[in-house]
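J.: So here's final-v5.cif, just mmCIF, C-alpha atoms:
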data_entry
loop_
_atom_site.group_PDB
_atom_site.id
_atom_site.type_symbol
_atom_site.label_atom_id
_atom_site.label_comp_id
_atom_site.auth_asym_id
_atom_site.auth_seq_id
_atom_site.Cartn_x
_atom_site.Cartn_y
_atom_site.Cartn_z
ATOM 1 C CA MET V 152 96.641 148.157 72.080
ATOM 2 C CA HIS V 153 95.022 147.429 75.442
ATOM 3 C CA GLU V 154 95.432 143.663 74.904
ATOM 4 C CA GLU V 155 99.150 144.086 74.216
ATOM 5 C CA LEU V 156 99.593 145.984 77.479
ATOM 6 C CA ALA V 157 97.678 143.343 79.440
ATOM 7 C CA ARG V 158 99.697 140.580 77.783
ATOM 8 C CA ALA V 159 102.981 142.339 78.606
ATOM 9 C CA GLN V 160 101.952 142.818 82.251
ATOM 10 C CA MET V 161 100.918 139.169 82.550
ATOM 11 C CA SER V 162 104.201 138.048 81.033
ATOM 12 C CA ALA V 163 106.141 140.239 83.463
ATOM 13 C CA ARG V 164 104.199 138.856 86.433
ATOM 14 C CA LEU V 165 104.777 135.284 85.256
ATOM 15 C CA GLY V 166 108.511 135.909 84.926
ATOM 16 C CA GLU V 167 108.619 137.457 88.386
ATOM 17 C CA ALA V 168 106.723 134.524 89.909
ATOM 18 C CA GLN V 169 109.111 132.064 88.288
ATOM 19 C CA ARG V 170 112.113 133.981 89.607
ATOM 20 C CA ASN V 171 110.626 133.899 93.079
ATOM 21 C CA GLY V 172 110.164 130.137 92.871
ATOM 22 C CA GLN V 173 106.395 130.430 93.158
ATOM 23 C CA ALA V 174 105.836 128.414 90.006
ATOM 24 C CA ARG V 175 107.817 125.507 91.429
ATOM 25 C CA ARG V 176 105.870 125.636 94.705
ATOM 26 C CA LEU V 177 102.614 125.652 92.741
ATOM 27 C CA VAL V 178 103.658 122.535 90.801
ATOM 28 C CA VAL V 179 104.638 120.759 94.037
ATOM 29 C CA ALA V 180 101.355 121.751 95.689
ATOM 30 C CA ARG V 181 99.390 120.412 92.704
ATOM 31 C CA ARG V 182 101.314 117.143 92.790
ATOM 32 C CA LEU V 183 100.713 116.732 96.535
ATOM 33 C CA SER V 184 97.037 117.524 96.026
ATOM 34 C CA ARG V 185 96.710 114.818 93.364
ATOM 35 C CA LYS V 186 98.561 112.372 95.623
ATOM 36 C CA ALA V 187 96.168 113.171 98.487
ATOM 37 C CA GLU V 188 93.170 112.699 96.177
ATOM 38 C CA ARG V 189 94.445 109.251 95.140
ATOM 39 C CA ALA V 190 95.044 108.275 98.763
ATOM 40 C CA ALA V 191 91.526 109.373 99.708
ATOM 41 C CA ALA V 192 90.049 107.391 96.807
ATOM 42 C CA GLN V 193 91.975 104.287 97.866
ATOM 43 C CA ALA V 194 90.795 104.726 101.445
ATOM 44 C CA ARG V 195 87.174 104.987 100.263
ATOM 45 C CA LEU V 196 87.614 101.776 98.248
ATOM 46 C CA ALA V 197 89.125 99.998 101.242
ATOM 47 C CA MET V 198 86.261 101.121 103.462
ATOM 48 C CA ALA V 199 83.704 99.984 100.853
ATOM 49 C CA ARG V 200 85.205 96.508 100.851
ATOM 50 C CA LEU V 201 84.696 96.085 104.616
#
The structure given in the file should be rewritten as structure tokens.
T.:
Amino acid sequence: MHEELARAQMSARLGEAQRNGQARRLVVARRLSRKAERAAAQARLAMARL
């Protein structure tokens, strides 16, 4: 019973976050973070070659 309540609350929060556009911002932030990580790795490689 307790698990069902927790699951329902989580589902409601997820729906609310999606309506607020938070999910989209999170995806964009993750993508930018990965892009920054790749850029940093390339910079380290470039510096290692010098």
J.: Between CA of Gln169 in chain V and CA of Leu183 in chain V, measure the distance and give it in Å to one decimal.
T.: 19.3 Å
J.: Between CA of Ser184 in chain V and CA of Gly172 in chain V, what is the distance, to one decimal in Å?
T.: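 Going from CA of Ser184 in chain V over to CA of Gly172 in chain V covers 18.5 Å.
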J.: Using Å and a single decimal, report how far CA of Leu156 in chain V sits from CA of Gln173 in chain V.
T.: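 According to the coordinates, CA of Gln173 in chain V and CA of Leu156 in chain V are separated by 23.1 Å.
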J.: Return as JSON the box centre and box size in Å, one decimal, for an axis-aligned box around all listed atoms of range 182-185 of chain V padded by 6 Å per side.
T.:
{"center_x": 99.0, "center_y": 116.2, "center_z": 94.7, "size_x": 16.6, "size_y": 14.7, "size_z": 15.7}
J.: Could you rebuild range 170-183 of chain V with N, CA, C and O atoms and give me the result as a PDB file, in the coordinates of the input?
T.:
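Below is the file out-v3.pdb, written as the result:
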ATOM      1  N   ARG V 170     110.860 133.614  88.930  1.00  0.00           N
ATOM      2  CA  ARG V 170     112.113 133.981  89.607  1.00  0.00           C
ATOM      3  C   ARG V 170     111.995 133.796  91.109  1.00  0.00           C
ATOM      4  O   ARG V 170     112.950 133.440  91.782  1.00  0.00           O
ATOM      5  N   ASN V 171     110.831 134.044  91.638  1.00  0.00           N
ATOM      6  CA  ASN V 171     110.626 133.899  93.079  1.00  0.00           C
ATOM      7  C   ASN V 171     110.443 132.446  93.501  1.00  0.00           C
ATOM      8  O   ASN V 171     110.336 132.151  94.679  1.00  0.00           O
ATOM      9  N   GLY V 172     110.346 131.544  92.541  1.00  0.00           N
ATOM     10  CA  GLY V 172     110.164 130.137  92.871  1.00  0.00           C
ATOM     11  C   GLY V 172     108.720 129.774  93.132  1.00  0.00           C
ATOM     12  O   GLY V 172     108.426 128.656  93.549  1.00  0.00           O
ATOM     13  N   GLN V 173     107.802 130.707  92.893  1.00  0.00           N
ATOM     14  CA  GLN V 173     106.395 130.430  93.158  1.00  0.00           C
ATOM     15  C   GLN V 173     105.851 129.377  92.213  1.00  0.00           C
ATOM     16  O   GLN V 173     105.028 128.556  92.610  1.00  0.00           O
ATOM     17  N   ALA V 174     106.328 129.389  90.987  1.00  0.00           N
ATOM     18  CA  ALA V 174     105.836 128.414  90.006  1.00  0.00           C
ATOM     19  C   ALA V 174     106.181 127.008  90.464  1.00  0.00           C
ATOM     20  O   ALA V 174     105.359 126.097  90.372  1.00  0.00           O
ATOM     21  N   ARG V 175     107.398 126.836  90.971  1.00  0.00           N
ATOM     22  CA  ARG V 175     107.817 125.507  91.429  1.00  0.00           C
ATOM     23  C   ARG V 175     106.965 125.055  92.616  1.00  0.00           C
ATOM     24  O   ARG V 175     106.535 123.919  92.686  1.00  0.00           O
ATOM     25  N   ARG V 176     106.701 125.987  93.543  1.00  0.00           N
ATOM     26  CA  ARG V 176     105.870 125.636  94.705  1.00  0.00           C
ATOM     27  C   ARG V 176     104.463 125.261  94.267  1.00  0.00           C
ATOM     28  O   ARG V 176     103.846 124.371  94.842  1.00  0.00           O
ATOM     29  N   LEU V 177     103.953 125.947  93.252  1.00  0.00           N
ATOM     30  CA  LEU V 177     102.614 125.652  92.741  1.00  0.00           C
ATOM     31  C   LEU V 177     102.565 124.244  92.153  1.00  0.00           C
ATOM     32  O   LEU V 177     101.619 123.495  92.391  1.00  0.00           O
ATOM     33  N   VAL V 178     103.596 123.872  91.395  1.00  0.00           N
ATOM     34  CA  VAL V 178     103.658 122.535  90.801  1.00  0.00           C
ATOM     35  C   VAL V 178     103.709 121.481  91.903  1.00  0.00           C
ATOM     36  O   VAL V 178     102.998 120.476  91.844  1.00  0.00           O
ATOM     37  N   VAL V 179     104.531 121.713  92.924  1.00  0.00           N
ATOM     38  CA  VAL V 179     104.638 120.759  94.037  1.00  0.00           C
ATOM     39  C   VAL V 179     103.304 120.640  94.763  1.00  0.00           C
ATOM     40  O   VAL V 179     102.862 119.535  95.086  1.00  0.00           O
ATOM     41  N   ALA V 180     102.651 121.767  94.994  1.00  0.00           N
ATOM     42  CA  ALA V 180     101.355 121.751  95.689  1.00  0.00           C
ATOM     43  C   ALA V 180     100.325 120.965  94.881  1.00  0.00           C
ATOM     44  O   ALA V 180      99.551 120.189  95.447  1.00  0.00           O
ATOM     45  N   ARG V 181     100.328 121.156  93.558  1.00  0.00           N
ATOM     46  CA  ARG V 181      99.390 120.412  92.704  1.00  0.00           C
ATOM     47  C   ARG V 181      99.657 118.918  92.781  1.00  0.00           C
ATOM     48  O   ARG V 181      98.735 118.122  92.846  1.00  0.00           O
ATOM     49  N   ARG V 182     100.946 118.558  92.746  1.00  0.00           N
ATOM     50  CA  ARG V 182     101.314 117.143  92.790  1.00  0.00           C
ATOM     51  C   ARG V 182     100.873 116.522  94.119  1.00  0.00           C
ATOM     52  O   ARG V 182     100.322 115.426  94.153  1.00  0.00           O
ATOM     53  N   LEU V 183     101.116 117.237  95.220  1.00  0.00           N
ATOM     54  CA  LEU V 183     100.713 116.732  96.535  1.00  0.00           C
ATOM     55  C   LEU V 183      99.194 116.610  96.623  1.00  0.00           C
ATOM     56  O   LEU V 183      98.676 115.672  97.237  1.00  0.00           O
TER      57      LEU V 183
END
